file start.cif (mmCIF, N, CA and C atoms)
data_structure
#
loop_
_atom_site.label_atom_id
_atom_site.label_comp_id
_atom_site.auth_asym_id
_atom_site.auth_seq_id
_atom_site.Cartn_x
_atom_site.Cartn_y
_atom_site.Cartn_z
N MET Y 20 100.15 91.30 112.63
CA MET Y 20 100.31 92.11 111.44
C MET Y 20 100.64 91.20 110.26
N PHE Y 21 99.99 91.46 109.15
CA PHE Y 21 100.21 90.68 107.94
C PHE Y 21 101.08 91.49 106.98
N ILE Y 22 102.21 90.88 106.56
CA ILE Y 22 103.11 91.54 105.61
C ILE Y 22 103.62 90.52 104.60
N GLY Y 23 104.06 91.02 103.47
CA GLY Y 23 104.66 90.18 102.44
C GLY Y 23 103.67 89.81 101.35
N GLU Y 24 104.22 89.27 100.26
CA GLU Y 24 103.38 88.78 99.18
C GLU Y 24 103.85 87.40 98.75
N TYR Y 25 102.90 86.57 98.41
CA TYR Y 25 103.16 85.18 98.09
C TYR Y 25 102.39 84.83 96.81
N TYR Y 26 103.02 84.01 95.98
CA TYR Y 26 102.41 83.59 94.72
C TYR Y 26 101.98 82.13 94.83
N HIS Y 27 100.71 81.88 94.54
CA HIS Y 27 100.15 80.54 94.61
C HIS Y 27 99.21 80.33 93.43
N THR Y 28 98.64 79.13 93.38
CA THR Y 28 97.64 78.85 92.35
C THR Y 28 96.38 78.31 93.01
N ILE Y 29 95.26 78.56 92.34
CA ILE Y 29 93.97 78.02 92.76
C ILE Y 29 93.76 76.74 91.97
N ASP Y 30 93.30 75.69 92.64
CA ASP Y 30 93.04 74.46 91.92
C ASP Y 30 91.67 74.52 91.24
N GLU Y 31 91.35 73.47 90.48
CA GLU Y 31 90.10 73.45 89.70
C GLU Y 31 88.85 73.48 90.58
N LYS Y 32 88.97 73.15 91.86
CA LYS Y 32 87.82 73.16 92.77
C LYS Y 32 87.68 74.49 93.51
N GLY Y 33 88.61 75.42 93.26
CA GLY Y 33 88.54 76.72 93.92
C GLY Y 33 89.25 76.76 95.26
N ARG Y 34 90.16 75.81 95.49
CA ARG Y 34 90.91 75.78 96.74
C ARG Y 34 92.24 76.51 96.58
N LEU Y 35 92.63 77.22 97.63
CA LEU Y 35 93.84 78.03 97.62
C LEU Y 35 94.61 77.81 98.91
N ILE Y 36 95.90 77.55 98.79
CA ILE Y 36 96.76 77.42 99.97
C ILE Y 36 97.10 78.81 100.48
N ILE Y 37 96.90 79.01 101.77
CA ILE Y 37 97.25 80.27 102.42
C ILE Y 37 98.59 80.06 103.13
N PRO Y 38 99.54 80.99 102.96
CA PRO Y 38 100.85 80.84 103.61
C PRO Y 38 100.72 80.62 105.12
N ALA Y 39 101.59 79.78 105.66
CA ALA Y 39 101.55 79.42 107.07
C ALA Y 39 101.57 80.66 107.98
N ARG Y 40 102.37 81.65 107.63
CA ARG Y 40 102.44 82.87 108.45
C ARG Y 40 101.09 83.55 108.56
N PHE Y 41 100.34 83.54 107.47
CA PHE Y 41 99.03 84.17 107.49
C PHE Y 41 98.02 83.30 108.22
N ARG Y 42 98.14 82.00 108.10
CA ARG Y 42 97.21 81.09 108.78
C ARG Y 42 97.24 81.32 110.28
N GLU Y 43 98.42 81.49 110.84
CA GLU Y 43 98.54 81.73 112.28
C GLU Y 43 97.76 82.96 112.70
N GLY Y 44 97.89 84.04 111.94
CA GLY Y 44 97.23 85.29 112.29
C GLY Y 44 95.72 85.28 112.05
N LEU Y 45 95.27 84.45 111.10
CA LEU Y 45 93.85 84.41 110.78
C LEU Y 45 93.05 83.57 111.77
N GLY Y 46 93.68 82.60 112.38
CA GLY Y 46 92.97 81.73 113.33
C GLY Y 46 92.18 80.65 112.62
N ASP Y 47 91.38 79.92 113.40
CA ASP Y 47 90.63 78.78 112.85
C ASP Y 47 89.53 79.20 111.89
N ARG Y 48 88.82 80.26 112.21
CA ARG Y 48 87.72 80.75 111.37
C ARG Y 48 87.94 82.24 111.11
N PHE Y 49 87.69 82.64 109.88
CA PHE Y 49 87.94 84.01 109.47
C PHE Y 49 86.99 84.36 108.34
N ILE Y 50 86.99 85.62 107.93
CA ILE Y 50 86.03 86.10 106.94
C ILE Y 50 86.76 86.51 105.66
N VAL Y 51 86.20 86.08 104.53
CA VAL Y 51 86.66 86.52 103.20
C VAL Y 51 85.50 87.27 102.57
N THR Y 52 85.79 88.45 102.01
CA THR Y 52 84.75 89.25 101.38
C THR Y 52 85.29 89.98 100.17
N LYS Y 53 84.39 90.56 99.41
CA LYS Y 53 84.79 91.40 98.28
C LYS Y 53 85.55 92.60 98.82
N GLY Y 54 86.71 92.83 98.24
CA GLY Y 54 87.49 93.99 98.62
C GLY Y 54 87.40 95.06 97.55
N LEU Y 55 88.20 96.07 97.72
CA LEU Y 55 88.25 97.15 96.73
C LEU Y 55 89.28 96.78 95.66
N ASP Y 56 89.22 97.42 94.53
CA ASP Y 56 90.16 97.18 93.43
C ASP Y 56 90.10 95.77 92.87
N ASN Y 57 88.95 95.12 92.98
CA ASN Y 57 88.74 93.76 92.47
C ASN Y 57 89.64 92.71 93.10
N CYS Y 58 89.91 92.86 94.39
CA CYS Y 58 90.59 91.81 95.13
C CYS Y 58 89.67 91.34 96.24
N LEU Y 59 90.10 90.33 96.97
CA LEU Y 59 89.35 89.85 98.12
C LEU Y 59 90.06 90.31 99.39
N PHE Y 60 89.29 90.68 100.40
CA PHE Y 60 89.83 91.02 101.71
C PHE Y 60 89.59 89.83 102.63
N VAL Y 61 90.60 89.51 103.44
CA VAL Y 61 90.50 88.40 104.40
C VAL Y 61 90.81 88.97 105.78
N TYR Y 62 89.86 88.78 106.70
CA TYR Y 62 89.98 89.35 108.05
C TYR Y 62 89.90 88.27 109.12
N PRO Y 63 90.77 88.38 110.14
CA PRO Y 63 90.55 87.55 111.33
C PRO Y 63 89.21 87.94 111.95
N ARG Y 64 88.58 87.02 112.66
CA ARG Y 64 87.26 87.29 113.27
C ARG Y 64 87.23 88.59 114.07
N LYS Y 65 88.24 88.78 114.89
CA LYS Y 65 88.28 89.97 115.76
C LYS Y 65 88.24 91.25 114.93
N ASN Y 66 89.06 91.34 113.90
CA ASN Y 66 89.07 92.53 113.05
C ASN Y 66 87.75 92.70 112.32
N TRP Y 67 87.18 91.59 111.87
CA TRP Y 67 85.88 91.65 111.17
C TRP Y 67 84.81 92.21 112.09
N GLU Y 68 84.79 91.76 113.33
CA GLU Y 68 83.79 92.23 114.29
C GLU Y 68 83.95 93.73 114.57
N GLU Y 69 85.19 94.21 114.61
CA GLU Y 69 85.43 95.64 114.80
C GLU Y 69 84.90 96.44 113.61
N ILE Y 70 85.16 95.96 112.41
CA ILE Y 70 84.67 96.63 111.20
C ILE Y 70 83.15 96.62 111.18
N GLU Y 71 82.58 95.48 111.52
CA GLU Y 71 81.12 95.36 111.54
C GLU Y 71 80.51 96.38 112.49
N GLN Y 72 81.10 96.54 113.66
CA GLN Y 72 80.59 97.52 114.64
C GLN Y 72 80.64 98.94 114.07
N LYS Y 73 81.73 99.28 113.42
CA LYS Y 73 81.86 100.62 112.83
C LYS Y 73 80.81 100.83 111.74
N LEU Y 74 80.64 99.84 110.88
CA LEU Y 74 79.69 99.99 109.78
C LEU Y 74 78.25 100.04 110.27
N ARG Y 75 77.96 99.38 111.38
CA ARG Y 75 76.61 99.43 111.96
C ARG Y 75 76.22 100.83 112.38
N SER Y 76 77.20 101.64 112.69
CA SER Y 76 76.92 103.00 113.15
C SER Y 76 76.61 103.95 111.98
N TRP Y 77 76.83 103.51 110.76
CA TRP Y 77 76.54 104.36 109.61
C TRP Y 77 75.03 104.55 109.49
N PRO Y 78 74.61 105.73 109.09
CA PRO Y 78 73.17 106.00 108.97
C PRO Y 78 72.55 105.27 107.77
N LEU Y 79 71.50 104.51 108.02
CA LEU Y 79 70.81 103.80 106.94
C LEU Y 79 70.07 104.74 106.00
N THR Y 80 69.96 105.98 106.38
CA THR Y 80 69.27 106.95 105.53
C THR Y 80 70.16 107.41 104.37
N ARG Y 81 71.46 107.10 104.43
CA ARG Y 81 72.39 107.50 103.36
C ARG Y 81 72.52 106.37 102.35
N ALA Y 82 72.25 106.68 101.11
CA ALA Y 82 72.31 105.68 100.04
C ALA Y 82 73.71 105.11 99.87
N ASP Y 83 74.75 105.94 100.01
CA ASP Y 83 76.11 105.43 99.84
C ASP Y 83 76.49 104.45 100.96
N ALA Y 84 76.02 104.70 102.17
CA ALA Y 84 76.28 103.79 103.29
C ALA Y 84 75.58 102.46 103.05
N ARG Y 85 74.34 102.49 102.62
CA ARG Y 85 73.61 101.25 102.33
C ARG Y 85 74.28 100.48 101.21
N ALA Y 86 74.69 101.18 100.19
CA ALA Y 86 75.33 100.52 99.04
C ALA Y 86 76.62 99.83 99.44
N PHE Y 87 77.46 100.52 100.22
CA PHE Y 87 78.71 99.91 100.63
C PHE Y 87 78.47 98.71 101.54
N MET Y 88 77.55 98.84 102.48
CA MET Y 88 77.25 97.73 103.39
C MET Y 88 76.75 96.51 102.62
N ARG Y 89 75.91 96.73 101.62
CA ARG Y 89 75.42 95.61 100.80
C ARG Y 89 76.58 94.93 100.08
N PHE Y 90 77.42 95.74 99.47
CA PHE Y 90 78.58 95.22 98.75
C PHE Y 90 79.48 94.41 99.68
N PHE Y 91 79.79 94.97 100.82
CA PHE Y 91 80.77 94.40 101.74
C PHE Y 91 80.25 93.14 102.44
N PHE Y 92 79.02 93.20 102.95
CA PHE Y 92 78.49 92.08 103.72
C PHE Y 92 77.88 90.97 102.88
N SER Y 93 77.24 91.32 101.78
CA SER Y 93 76.59 90.27 100.97
C SER Y 93 77.62 89.35 100.33
N GLY Y 94 78.82 89.84 100.09
CA GLY Y 94 79.85 89.01 99.49
C GLY Y 94 80.68 88.25 100.50
N ALA Y 95 80.43 88.43 101.77
CA ALA Y 95 81.27 87.83 102.81
C ALA Y 95 80.92 86.36 103.06
N THR Y 96 81.94 85.60 103.40
CA THR Y 96 81.75 84.21 103.77
C THR Y 96 82.75 83.85 104.86
N GLU Y 97 82.33 82.96 105.75
CA GLU Y 97 83.24 82.48 106.79
C GLU Y 97 84.01 81.29 106.24
N CYS Y 98 85.31 81.27 106.46
CA CYS Y 98 86.16 80.19 105.95
C CYS Y 98 86.95 79.55 107.08
N GLU Y 99 87.41 78.36 106.79
CA GLU Y 99 88.34 77.66 107.68
C GLU Y 99 89.30 76.86 106.81
N PHE Y 100 90.42 76.48 107.39
CA PHE Y 100 91.44 75.74 106.65
C PHE Y 100 91.17 74.25 106.65
N ASP Y 101 91.53 73.60 105.55
CA ASP Y 101 91.51 72.14 105.56
C ASP Y 101 92.88 71.67 106.09
N ARG Y 102 93.12 70.38 106.08
CA ARG Y 102 94.37 69.83 106.64
C ARG Y 102 95.62 70.28 105.90
N GLN Y 103 95.46 70.68 104.64
CA GLN Y 103 96.61 71.12 103.84
C GLN Y 103 96.81 72.65 103.90
N GLY Y 104 96.01 73.33 104.72
CA GLY Y 104 96.14 74.78 104.83
C GLY Y 104 95.47 75.53 103.70
N ARG Y 105 94.49 74.88 103.07
CA ARG Y 105 93.78 75.50 101.96
C ARG Y 105 92.43 76.03 102.42
N ILE Y 106 91.92 77.00 101.66
CA ILE Y 106 90.55 77.46 101.85
C ILE Y 106 89.80 77.25 100.54
N LEU Y 107 88.50 77.09 100.65
CA LEU Y 107 87.65 76.97 99.48
C LEU Y 107 86.98 78.31 99.25
N LEU Y 108 87.30 78.93 98.12
CA LEU Y 108 86.70 80.22 97.79
C LEU Y 108 85.44 80.00 96.97
N PRO Y 109 84.32 80.56 97.40
CA PRO Y 109 83.08 80.42 96.62
C PRO Y 109 83.24 80.98 95.21
N ALA Y 110 82.51 80.40 94.28
CA ALA Y 110 82.58 80.84 92.88
C ALA Y 110 82.30 82.32 92.73
N SER Y 111 81.34 82.86 93.49
CA SER Y 111 80.99 84.28 93.37
C SER Y 111 82.17 85.18 93.72
N LEU Y 112 82.95 84.80 94.73
CA LEU Y 112 84.12 85.60 95.10
C LEU Y 112 85.24 85.44 94.07
N ARG Y 113 85.43 84.23 93.56
CA ARG Y 113 86.43 84.01 92.52
C ARG Y 113 86.10 84.82 91.27
N GLU Y 114 84.83 84.86 90.91
CA GLU Y 114 84.41 85.63 89.74
C GLU Y 114 84.64 87.12 89.97
N TYR Y 115 84.25 87.62 91.13
CA TYR Y 115 84.42 89.05 91.43
C TYR Y 115 85.89 89.46 91.29
N ALA Y 116 86.80 88.67 91.85
CA ALA Y 116 88.22 89.02 91.87
C ALA Y 116 88.97 88.49 90.64
N ARG Y 117 88.23 87.86 89.73
CA ARG Y 117 88.80 87.31 88.49
C ARG Y 117 89.93 86.33 88.77
N LEU Y 118 89.71 85.49 89.78
CA LEU Y 118 90.70 84.49 90.16
C LEU Y 118 90.51 83.24 89.30
N GLU Y 119 91.52 82.93 88.53
CA GLU Y 119 91.44 81.74 87.68
C GLU Y 119 92.50 80.72 88.06
N LYS Y 120 93.75 81.06 87.94
CA LYS Y 120 94.81 80.10 88.26
C LYS Y 120 95.87 80.74 89.16
N GLU Y 121 96.58 81.73 88.61
CA GLU Y 121 97.68 82.35 89.35
C GLU Y 121 97.16 83.46 90.26
N VAL Y 122 97.58 83.39 91.52
CA VAL Y 122 97.06 84.27 92.56
C VAL Y 122 98.20 84.87 93.36
N VAL Y 123 98.00 86.09 93.82
CA VAL Y 123 98.93 86.73 94.75
C VAL Y 123 98.19 86.92 96.06
N ILE Y 124 98.84 86.53 97.14
CA ILE Y 124 98.29 86.70 98.49
C ILE Y 124 99.20 87.70 99.19
N ALA Y 125 98.64 88.86 99.54
CA ALA Y 125 99.44 89.95 100.08
C ALA Y 125 98.99 90.30 101.50
N GLY Y 126 99.96 90.50 102.36
CA GLY Y 126 99.67 90.97 103.71
C GLY Y 126 99.60 92.48 103.71
N VAL Y 127 98.51 93.04 104.26
CA VAL Y 127 98.31 94.48 104.27
C VAL Y 127 97.91 94.90 105.69
N SER Y 128 98.87 94.79 106.61
CA SER Y 128 98.69 95.19 107.99
C SER Y 128 97.65 94.34 108.72
N THR Y 129 96.39 94.78 108.78
CA THR Y 129 95.38 94.07 109.56
C THR Y 129 94.56 93.08 108.74
N ARG Y 130 94.85 92.97 107.44
CA ARG Y 130 94.10 92.06 106.59
C ARG Y 130 95.04 91.41 105.58
N VAL Y 131 94.52 90.39 104.96
CA VAL Y 131 95.20 89.73 103.84
C VAL Y 131 94.37 90.04 102.60
N GLU Y 132 95.03 90.27 101.48
CA GLU Y 132 94.34 90.47 100.22
C GLU Y 132 94.68 89.34 99.27
N ILE Y 133 93.68 88.90 98.51
CA ILE Y 133 93.88 87.86 97.50
C ILE Y 133 93.59 88.49 96.15
N TRP Y 134 94.57 88.44 95.27
CA TRP Y 134 94.50 89.08 93.97
C TRP Y 134 94.73 88.08 92.85
N SER Y 135 94.11 88.32 91.73
CA SER Y 135 94.52 87.68 90.48
C SER Y 135 95.93 88.20 90.21
N ARG Y 136 96.84 87.33 89.83
CA ARG Y 136 98.21 87.79 89.57
C ARG Y 136 98.23 88.86 88.47
N GLU Y 137 97.42 88.66 87.46
CA GLU Y 137 97.34 89.63 86.36
C GLU Y 137 96.89 91.00 86.87
N LEU Y 138 95.83 91.04 87.68
CA LEU Y 138 95.34 92.31 88.21
C LEU Y 138 96.33 92.94 89.18
N TRP Y 139 97.03 92.11 89.98
CA TRP Y 139 98.03 92.61 90.93
C TRP Y 139 99.16 93.31 90.18
N GLU Y 140 99.68 92.66 89.14
CA GLU Y 140 100.78 93.24 88.38
C GLU Y 140 100.34 94.51 87.66
N LYS Y 141 99.13 94.52 87.16
CA LYS Y 141 98.58 95.72 86.51
C LYS Y 141 98.45 96.85 87.54
N TYR Y 142 97.92 96.53 88.72
CA TYR Y 142 97.77 97.52 89.79
C TYR Y 142 99.13 98.12 90.18
N LEU Y 143 100.13 97.26 90.37
CA LEU Y 143 101.46 97.74 90.75
C LEU Y 143 102.05 98.65 89.68
N ALA Y 144 101.89 98.28 88.41
CA ALA Y 144 102.41 99.09 87.31
C ALA Y 144 101.72 100.45 87.25
N GLU Y 145 100.41 100.46 87.46
CA GLU Y 145 99.66 101.72 87.40
C GLU Y 145 99.96 102.65 88.57
N THR Y 146 100.25 102.08 89.72
CA THR Y 146 100.46 102.92 90.90
C THR Y 146 101.94 103.25 91.15
N ALA Y 147 102.85 102.60 90.43
CA ALA Y 147 104.29 102.83 90.66
C ALA Y 147 104.65 104.30 90.52
N ALA Y 148 104.10 104.97 89.54
CA ALA Y 148 104.42 106.38 89.31
C ALA Y 148 103.87 107.27 90.42
N GLN Y 149 102.92 106.79 91.17
CA GLN Y 149 102.28 107.61 92.21
C GLN Y 149 102.95 107.48 93.58
N TYR Y 150 103.90 106.55 93.75
CA TYR Y 150 104.45 106.29 95.07
C TYR Y 150 105.12 107.51 95.70
N GLU Y 151 105.85 108.30 94.90
CA GLU Y 151 106.50 109.47 95.47
C GLU Y 151 105.48 110.49 95.95
N ALA Y 152 104.43 110.71 95.17
CA ALA Y 152 103.39 111.65 95.58
C ALA Y 152 102.67 111.14 96.83
N LEU Y 153 102.44 109.82 96.88
CA LEU Y 153 101.82 109.24 98.07
C LEU Y 153 102.72 109.41 99.29
N ALA Y 154 104.02 109.21 99.09
CA ALA Y 154 104.97 109.37 100.19
C ALA Y 154 104.96 110.80 100.72
N GLU Y 155 104.86 111.78 99.82
CA GLU Y 155 104.78 113.17 100.25
C GLU Y 155 103.53 113.42 101.09
N LYS Y 156 102.40 112.87 100.66
CA LYS Y 156 101.16 113.02 101.43
C LYS Y 156 101.29 112.36 102.79
N MET Y 157 101.94 111.19 102.84
CA MET Y 157 102.14 110.50 104.11
C MET Y 157 103.01 111.34 105.03
N GLY Y 158 104.00 112.04 104.46
CA GLY Y 158 104.83 112.94 105.26
C GLY Y 158 104.02 114.04 105.90
N ASP Y 159 103.02 114.51 105.15
CA ASP Y 159 102.14 115.54 105.70
C ASP Y 159 101.32 115.03 106.87
N LEU Y 160 101.12 113.71 106.93
CA LEU Y 160 100.35 113.10 108.01
C LEU Y 160 101.24 112.75 109.22
N GLY Y 161 102.55 113.03 109.11
CA GLY Y 161 103.44 112.77 110.24
C GLY Y 161 104.17 111.44 110.18
N PHE Y 162 104.20 110.79 109.02
CA PHE Y 162 104.94 109.53 108.89
C PHE Y 162 106.36 109.79 108.49
#

call {"tool": "encode", "arguments": {"input": "start.cif", "output": "structure tokens"}}
result
Amino acid sequence: MFIGEYYHTIDEKGRLIIPARFREGLGDRFIVTKGLDNCLFVYPRKNWEEIEQKLRSWPLTRADARAFMRFFFSGATECEFDRQGRILLPASLREYARLEKEVVIAGVSTRVEIWSRELWEKYLAETAAQYEALAEKMGDLGF
């Protein structure tokens, strides 16, 4: 399980240090792809393969299923750590997530998310007022 948030910077070559706790859970090779809300999703291989299996079952006759699969898979790349625990993020993924210098790396249960610090802080500010309503909905689900 991935939890917590960490603040790091991306260097001029697009390399980012991933916290040691997350490196252990991600393994030697893992997948980084375009996520929702203009962040990047990072999945261990096993979780990625499970998601891939689920998405394969979606009907290709549905335009929304095709669109999501294109978005999700075309932006994906396999990554591995260098000796310093860094990953190299492709320019296309950095552009999508608006990653320039300051970055937030957040653990979100089965995945890691990589955010522009500016977008992360904006997201938190916008959703802060909704937390109580979300908590009520979660209560309805038995949490």

call {"tool": "select_by_dssp", "arguments": {"input": "start.cif", "residues": "segment 38-102 of chain Y", "states": "alpha helix (DSSP H)", "output": "ChimeraX atom specification"}}
result
/Y:39-45,64-75,82-93

call {"tool": "atom_distance", "arguments": {"input": "start.cif", "atom1": "atom N of Val51 of chain Y", "atom2": "atom C of Ala95 of chain Y"}}
result
5.5 Å

call {"tool": "select_by_dssp", "arguments": {"input": "start.cif", "residues": "chain Y", "states": "strand (DSSP E)", "output": "JSON, numbers by chain"}}
result
{"Y": [24, 25, 26, 27, 28, 34, 35, 36, 48, 49, 50, 51, 52, 53, 59, 60, 61, 62, 63, 96, 97, 98, 99, 105, 106, 107, 121, 122, 123, 124, 125, 126, 127, 130, 131, 132, 133, 134, 135]}

call {"tool": "resolve_selection", "arguments": {"input": "start.cif", "expression": "the PyMOL selection byres ((chain Y and resi 65-69) around 8)", "output": "number ranges by chain"}}
result
Y: 45, 48-50, 61-64, 70-75, 129

call {"tool": "resolve_selection", "arguments": {"input": "start.cif", "expression": "the PyMOL selection byres ((chain Y and resi 133) around 5)", "output": "PyMOL selection string"}}
result
chain Y and resi 58-59+123-124+131-132+134-135

call {"tool": "closest_residue", "arguments": {"input": "start.cif", "among": "Y:Trp77, Y:Tyr26, Y:Phe21, Y:Phe41", "to": "Gly126 of chain Y", "atoms": "all atoms listed in the file"}}
result
Y:Phe21

call {"tool": "residues_near_point", "arguments": {"input": "start.cif", "point": "(106.8, 92.1, 100.3)", "cutoff": "8 Å", "atoms": "only N, CA and C atoms", "output": "PyMOL selection string"}}
result
chain Y and resi 22-25+125-126

call {"tool": "decode", "arguments": {"input": "start.cif", "residues": "segment 112-134 of chain Y", "atoms": "N, CA and C atoms", "output": "CSV table (one decimal), in the first residue's frame"}}
result
chain,number,residue,atom,x,y,z
Y,112,LEU,N,5.0,13.0,-20.9
Y,112,LEU,CA,4.3,12.9,-19.7
Y,112,LEU,C,4.5,14.1,-18.8
Y,113,ARG,N,5.7,14.7,-18.8
Y,113,ARG,CA,6.0,15.9,-18.1
Y,113,ARG,C,5.1,17.1,-18.6
Y,114,GLU,N,5.0,17.2,-19.9
Y,114,GLU,CA,4.1,18.2,-20.4
Y,114,GLU,C,2.6,18.0,-20.0
Y,115,TYR,N,2.2,16.8,-20.1
Y,115,TYR,CA,0.8,16.5,-19.8
Y,115,TYR,C,0.5,16.9,-18.3
Y,116,ALA,N,1.4,16.5,-17.4
Y,116,ALA,CA,1.2,16.8,-16.0
Y,116,ALA,C,1.7,18.2,-15.5
Y,117,ARG,N,2.2,18.9,-16.5
Y,117,ARG,CA,2.8,20.3,-16.2
Y,117,ARG,C,3.9,20.2,-15.2
Y,118,LEU,N,4.7,19.2,-15.3
Y,118,LEU,CA,5.8,19.1,-14.3
Y,118,LEU,C,7.0,19.9,-14.8
Y,119,GLU,N,7.4,20.9,-14.0
Y,119,GLU,CA,8.5,21.7,-14.4
Y,119,GLU,C,9.7,21.6,-13.4
Y,120,LYS,N,9.4,21.9,-12.1
Y,120,LYS,CA,10.5,21.9,-11.1
Y,120,LYS,C,10.0,21.2,-9.8
Y,121,GLU,N,9.0,21.8,-9.2
Y,121,GLU,CA,8.6,21.3,-7.9
Y,121,GLU,C,7.4,20.3,-8.1
Y,122,VAL,N,7.6,19.2,-7.4
Y,122,VAL,CA,6.7,18.0,-7.7
Y,122,VAL,C,6.3,17.4,-6.3
Y,123,VAL,N,5.0,16.9,-6.3
Y,123,VAL,CA,4.5,16.2,-5.2
Y,123,VAL,C,4.3,14.7,-5.6
Y,124,ILE,N,4.8,13.8,-4.8
Y,124,ILE,CA,4.7,12.4,-5.1
Y,124,ILE,C,3.8,11.9,-3.9
Y,125,ALA,N,2.6,11.4,-4.3
Y,125,ALA,CA,1.6,11.0,-3.3
Y,125,ALA,C,1.3,9.5,-3.4
Y,126,GLY,N,1.2,8.9,-2.3
Y,126,GLY,CA,0.8,7.5,-2.3
Y,126,GLY,C,-0.8,7.4,-2.2
Y,127,VAL,N,-1.4,6.6,-3.1
Y,127,VAL,CA,-2.8,6.6,-3.1
Y,127,VAL,C,-3.2,5.1,-3.2
Y,128,SER,N,-3.0,4.4,-2.1
Y,128,SER,CA,-3.4,3.0,-2.0
Y,128,SER,C,-2.6,2.1,-2.9
Y,129,THR,N,-3.1,1.8,-4.1
Y,129,THR,CA,-2.5,0.8,-5.0
Y,129,THR,C,-1.6,1.5,-6.0
Y,130,ARG,N,-1.5,2.8,-6.0
Y,130,ARG,CA,-0.7,3.5,-7.0
Y,130,ARG,C,0.0,4.7,-6.4
Y,131,VAL,N,0.9,5.2,-7.1
Y,131,VAL,CA,1.6,6.5,-6.7
Y,131,VAL,C,1.1,7.5,-7.7
Y,132,GLU,N,0.9,8.7,-7.3
Y,132,GLU,CA,0.6,9.8,-8.2
Y,132,GLU,C,1.7,10.9,-8.2
Y,133,ILE,N,2.1,11.4,-9.3
Y,133,ILE,CA,3.1,12.5,-9.4
Y,133,ILE,C,2.4,13.7,-9.9
Y,134,TRP,N,2.5,14.8,-9.1
Y,134,TRP,CA,1.8,16.0,-9.4
Y,134,TRP,C,2.7,17.2,-9.5
